Amino acid sequence: MKITEELTKFKKIIDTELEKAIPNRDIMQKKIFEAMRYSICNGGKRLRPILTLKTCEMISGSYEEALKIALGIEMIHTYSLIHDDLPAMDNDDFRRGKHTNHIVFGEDIAILAGDGLLNYAYETMLDGIPLSKDNYGRHILAIKEVSRSAGIFGMIGGQTVDIQLDDNIVEKEKLEFIHRNKTSALIEASIVSGAIIAGANQEQIEYLRAYGQAIGLCFQIRDDILDKIGDEKLIGKKIGSDEINHKLTYLSLYGMDNSINEIQKLNIKAIEWLSIFNEEESLFFRELANYLSYRNS
Ligand code: GRG
């Protein structure tokens with residue numbers, strides 16, 4: 001399998017479905033559609049929704065049933081980026097290779113565009129519940145998994161601790177909490193929700209959860225490295241912002257060599273968690289762990 005080809009194929013599916021889910025609307029509040037579309041259409045690797053679709057496909061043989069959850073997850077992710085870029089948070093001017101939402105639309109609309117995407121994510125995911133089918137309960141459990149990972153016990157919790165960090169105090173435990181919640185939680189939920197929708201058993205869910213945690217952390221450490229040595233054109237934003245903002249990162253705490261070693265360890269661990277799955281069926285996930293460990297964008 002060529003991992004990049006598979007990622008491109010599934011990115012196209014997500015891009016097309018997002019276009020349909022959030023069309024241009026010529027209505028009174030059209031500005032909010034414009035601002036939401038500016039950030040969510042034409043940009044982003046779509047890693048999280050791809051994980052949802054591919055997990056559902058690995059377990060059940062098809063991805064379609066997880067489509068609305070996958071779209072909701074990308075909407076939640078994009079809202080978090082819009083809000084994270086605001087002057088009150090990271091104050092970034094570039095994201096996904098273009099100006100950030102507040103630079104183009106102003107802070108007021110950018111806040112609403114984030115809120116709009118967050119709300120619409122839940123509308124979209126709830127809309128995907130097949131109420132006439134016996135398995136509709138799976139969808140509710142999957143949405144619950146996503147909600148928790150994005151909320152105060154997940155991403156928002158991690159962000160809260162992150163923005164309260166004191167420059168001078170280096171705390172390993174806090175860094176782990178931030179990474180686990182701010183970044184890893186939604187990545188983990190992307191995989192677990194796809195597995196739940198597909199009807200995975202408890203053992204499969206827990207192994208996939210552990211895989212998600214390993215690649216989630218790996219993704220964040222690589223992100224820290226890219227913020228130092230990445231190519232701005234490839235990552236679509238200015239590098240060096242962690243250092244400018246005196247951010248506590250894996251890199252600032254442990255240094256480059258240890259960070260690279262940790263990524264390698266997490267990569268091996270992630271692949272070990274796939275041991276209960278047929279090697280051929282789980283090939284995408286094995287290759288993805290490697291790909292994320294060495295990604296440049
Ligand atoms: C504002 C509630 C709230 C949370 C913000 C996710 C987040 C928390 C902030 C984003 C900033 C950041 C560096 C987060 C770490 C996760 C991360 C690397 C996000 C970027 O994800 P990619 O690389 O982005 O998947 P694309 O653009 O490809 O979707």
# chains A, B, ... in the order shown; residues from 1 in each chain; ligands from 1
call {"tool": "closest_atom_pairs", "arguments": {"of": "chain A", "to": "ligand 1", "cutoff": "6 Å", "atoms": "only C-alpha atoms and all ligand atoms", "output": "CSV"}}
result
residue,atom,partner,partner_atom_place_in_ligand_line,distance
A:Gly44,CA,ligand 1,28 (O),3.6
A:Lys45,CA,ligand 1,28 (O),3.8
A:Arg46,CA,ligand 1,29 (O),5.5
A:Leu47,CA,ligand 1,25 (O),5.8
A:Ser80,CA,ligand 1,3 (C),4.3
A:Leu81,CA,ligand 1,10 (C),4.8
A:His83,CA,ligand 1,1 (C),4.5
A:Asp84,CA,ligand 1,1 (C),4.3
A:Arg96,CA,ligand 1,27 (O),5.2
A:Met155,CA,ligand 1,4 (C),5.8
A:Ile156,CA,ligand 1,2 (C),4.5
A:Gln159,CA,ligand 1,4 (C),5.3
A:Lys182,CA,ligand 1,8 (C),5.3
A:Thr183,CA,ligand 1,16 (C),4.6
A:Gln220,CA,ligand 1,18 (C),5.6
A:Asp223,CA,ligand 1,18 (C),5.5
call {"tool": "select_by_dssp", "arguments": {"residues": "range 41-284 of chain A", "states": "alpha helix (DSSP H)", "output": "MDAnalysis selection string"}}
result
chainID A and resid 47:60 67:85 101:105 107:127 136:150 155:163 172:178 185:198 202:229 232:235 241:244 250:272 283:284
call {"tool": "closest_residue", "arguments": {"among": "A:Gly194, A:Pro130, A:Gly61, A:Pro87", "to": "Ile73 in chain A", "atoms": "only C-alpha atoms"}}
result
A:Gly194
call {"tool": "residues_around", "arguments": {"residues": "range 133-149 of chain A", "least_positions_apart": "4", "cutoff": "6 Å", "atoms": "only C-alpha atoms", "output": "VMD selection string"}}
result
chain A and resid 129 154 185 to 186 189 193 196 to 197
call {"tool": "write_last_selection", "arguments": {"atoms": "C-alpha atoms", "output": "PDB file, in the first residue's frame"}}
result
ATOM      1  CA  ILE A 129     -27.672   8.685  13.617  1.00  0.00           C
ATOM      2  CA  GLY A 154      -9.906  16.550  26.763  1.00  0.00           C
ATOM      3  CA  ALA A 185      -7.456  13.056  22.931  1.00  0.00           C
ATOM      4  CA  LEU A 186      -9.172  14.023  19.664  1.00  0.00           C
ATOM      5  CA  ALA A 189     -11.382   9.616  19.736  1.00  0.00           C
ATOM      6  CA  SER A 193     -15.385   6.491  17.332  1.00  0.00           C
ATOM      7  CA  ILE A 196     -17.500   1.918  17.809  1.00  0.00           C
ATOM      8  CA  ILE A 197     -19.572   2.748  14.730  1.00  0.00           C
TER       9      ILE A 197
END
call {"tool": "select_by_dssp", "arguments": {"residues": "range 51-247 of chain A", "states": "strand (DSSP E)", "output": "ChimeraX atom specification"}}
result
/A:94-95,98-99
call {"tool": "closest_atom_pairs", "arguments": {"of": "range 192-255 of chain A", "to": "range 90-94 of chain A", "cutoff": "12 Å", "atoms": "only C-alpha atoms", "output": "JSON lines"}}
result
{"residue": "A:Glu232", "atom": "CA", "partner": "A:Phe94", "partner_atom": "CA", "distance": 10.0}
{"residue": "A:Lys233", "atom": "CA", "partner": "A:Phe94", "partner_atom": "CA", "distance": 10.9}
{"residue": "A:Ile235", "atom": "CA", "partner": "A:Phe94", "partner_atom": "CA", "distance": 10.2}
{"residue": "A:Gly236", "atom": "CA", "partner": "A:Phe94", "partner_atom": "CA", "distance": 7.1}
{"residue": "A:Lys237", "atom": "CA", "partner": "A:Phe94", "partner_atom": "CA", "distance": 5.0}
{"residue": "A:Lys238", "atom": "CA", "partner": "A:Phe94", "partner_atom": "CA", "distance": 6.8}
{"residue": "A:Ile239", "atom": "CA", "partner": "A:Phe94", "partner_atom": "CA", "distance": 10.2}
{"residue": "A:Gly240", "atom": "CA", "partner": "A:Asp92", "partner_atom": "CA", "distance": 11.4}
{"residue": "A:Ser241", "atom": "CA", "partner": "A:Asp92", "partner_atom": "CA", "distance": 8.4}
{"residue": "A:Asp242", "atom": "CA", "partner": "A:Asp90", "partner_atom": "CA", "distance": 9.3}
{"residue": "A:Glu243", "atom": "CA", "partner": "A:Asp90", "partner_atom": "CA", "distance": 11.9}
{"residue": "A:Ile244", "atom": "CA", "partner": "A:Asp90", "partner_atom": "CA", "distance": 10.3}
{"residue": "A:Asn245", "atom": "CA", "partner": "A:Asp90", "partner_atom": "CA", "distance": 7.8}
{"residue": "A:His246", "atom": "CA", "partner": "A:Asp90", "partner_atom": "CA", "distance": 11.0}
{"residue": "A:Lys247", "atom": "CA", "partner": "A:Asp90", "partner_atom": "CA", "distance": 10.1}
call {"tool": "residues_around", "arguments": {"residues": "Thr52 in chain A", "least_positions_apart": "6", "cutoff": "6 Å", "atoms": "only C-alpha atoms", "output": "PyMOL selection string"}}
result
chain A and resi 70+190-191+194
call {"tool": "residues_around", "arguments": {"residues": "Thr4 in chain A", "least_positions_apart": "5", "cutoff": "12 Å", "atoms": "only C-alpha atoms", "output": "PDB file with N, CA, C and O atoms, in the first residue's frame"}}
result
ATOM      1  N   LYS A   9      -6.527   9.868  -1.327  1.00  0.00           N
ATOM      2  CA  LYS A   9      -7.854   9.388  -1.727  1.00  0.00           C
ATOM      3  C   LYS A   9      -8.892   9.751  -0.652  1.00  0.00           C
ATOM      4  O   LYS A   9      -9.965  10.285  -0.953  1.00  0.00           O
ATOM      5  N   PHE A  10      -8.552   9.492   0.600  1.00  0.00           N
ATOM      6  CA  PHE A  10      -9.523   9.761   1.671  1.00  0.00           C
ATOM      7  C   PHE A  10      -9.645  11.256   1.975  1.00  0.00           C
ATOM      8  O   PHE A  10     -10.700  11.729   2.385  1.00  0.00           O
ATOM      9  N   LYS A  11      -8.568  11.993   1.766  1.00  0.00           N
ATOM     10  CA  LYS A  11      -8.661  13.458   1.940  1.00  0.00           C
ATOM     11  C   LYS A  11      -9.681  14.025   0.945  1.00  0.00           C
ATOM     12  O   LYS A  11     -10.491  14.882   1.282  1.00  0.00           O
ATOM     13  N   LYS A  45      -4.816  18.533   6.493  1.00  0.00           N
ATOM     14  CA  LYS A  45      -4.461  17.171   6.067  1.00  0.00           C
ATOM     15  C   LYS A  45      -5.625  16.208   6.219  1.00  0.00           C
ATOM     16  O   LYS A  45      -5.624  15.131   5.663  1.00  0.00           O
ATOM     17  N   LEU A  47      -6.301  14.490   8.816  1.00  0.00           N
ATOM     18  CA  LEU A  47      -5.842  13.273   9.488  1.00  0.00           C
ATOM     19  C   LEU A  47      -6.925  12.637  10.366  1.00  0.00           C
ATOM     20  O   LEU A  47      -7.167  11.424  10.318  1.00  0.00           O
ATOM     21  N   PHE A 284      -2.647  -0.103   6.645  1.00  0.00           N
ATOM     22  CA  PHE A 284      -2.715   1.358   6.623  1.00  0.00           C
ATOM     23  C   PHE A 284      -2.231   1.938   7.954  1.00  0.00           C
ATOM     24  O   PHE A 284      -1.449   2.893   7.991  1.00  0.00           O
ATOM     25  N   GLU A 287       1.561   1.540   8.470  1.00  0.00           N
ATOM     26  CA  GLU A 287       2.311   2.506   7.653  1.00  0.00           C
ATOM     27  C   GLU A 287       2.102   3.934   8.144  1.00  0.00           C
ATOM     28  O   GLU A 287       3.002   4.754   8.093  1.00  0.00           O
ATOM     29  N   LEU A 288       0.888   4.199   8.658  1.00  0.00           N
ATOM     30  CA  LEU A 288       0.600   5.555   9.139  1.00  0.00           C
ATOM     31  C   LEU A 288       1.483   5.927  10.337  1.00  0.00           C
ATOM     32  O   LEU A 288       1.973   7.055  10.437  1.00  0.00           O
ATOM     33  N   ASN A 290       4.472   4.992  10.955  1.00  0.00           N
ATOM     34  CA  ASN A 290       5.788   5.383  10.412  1.00  0.00           C
ATOM     35  C   ASN A 290       5.721   6.747   9.751  1.00  0.00           C
ATOM     36  O   ASN A 290       6.577   7.603   9.962  1.00  0.00           O
ATOM     37  N   TYR A 291       4.676   6.944   8.957  1.00  0.00           N
ATOM     38  CA  TYR A 291       4.529   8.196   8.208  1.00  0.00           C
ATOM     39  C   TYR A 291       4.474   9.402   9.155  1.00  0.00           C
ATOM     40  O   TYR A 291       5.122  10.423   8.949  1.00  0.00           O
ATOM     41  N   LEU A 292       3.683   9.255  10.226  1.00  0.00           N
ATOM     42  CA  LEU A 292       3.531  10.390  11.160  1.00  0.00           C
ATOM     43  C   LEU A 292       4.821  10.677  11.926  1.00  0.00           C
ATOM     44  O   LEU A 292       5.093  11.816  12.306  1.00  0.00           O
ATOM     45  N   ARG A 295       6.879  12.757   9.341  1.00  0.00           N
ATOM     46  CA  ARG A 295       6.162  13.693   8.457  1.00  0.00           C
ATOM     47  C   ARG A 295       6.867  15.063   8.412  1.00  0.00           C
ATOM     48  O   ARG A 295       7.497  15.477   9.393  1.00  0.00           O
TER      49      ARG A 295
END
call {"tool": "closest_residue", "arguments": {"among": "A:Glu171, A:Asp127, A:Glu280, A:Asp224", "to": "Gly255 in chain A", "atoms": "only C-alpha atoms"}}
result
A:Asp224
call {"tool": "residues_around", "arguments": {"residues": "Glu19 in chain A", "least_positions_apart": "5", "cutoff": "12 Å", "atoms": "only C-alpha atoms", "output": "ChimeraX atom specification"}}
result
/A:12-14,24-25,33-34,36-43,71,75
call {"tool": "residues_around", "arguments": {"residues": "Leu86 in chain A", "least_positions_apart": "3", "cutoff": "12 Å", "atoms": "only C-alpha atoms", "output": "list in words"}}
result
Tyr79, Ser80, Leu81, Ile82, His83, Met89, Asp90, Asn91, Asp92, Asp93, Phe94, Arg95, His99, Thr100, Asn101, His102, Ile103, Val104, Phe105, Gly106, Glu107, Asp108, Ile109, Ala110, Ile111, Leu112, Ala113 and Gly114 of chain A
call {"tool": "closest_residue", "arguments": {"among": "A:Met58, A:Ile27, A:Leu18, A:Leu217", "to": "Glu262 in chain A", "atoms": "only C-alpha atoms"}}
result
A:Leu217
call {"tool": "closest_residue", "arguments": {"among": "A:Leu131, A:Met125, A:Ile187, A:Leu165", "to": "Gly216 in chain A", "atoms": "only C-alpha atoms"}}
result
A:Ile187
call {"tool": "closest_residue", "arguments": {"among": "A:Leu283, A:Lys30, A:Glu17, A:Glu57", "to": "Gly199 in chain A", "atoms": "only C-alpha atoms"}}
result
A:Glu57
call {"tool": "closest_residue", "arguments": {"among": "A:Asn267, A:Ser275, A:Ser297, A:Asn201", "to": "Ser60 in chain A", "atoms": "only C-alpha atoms"}}
result
A:Asn201
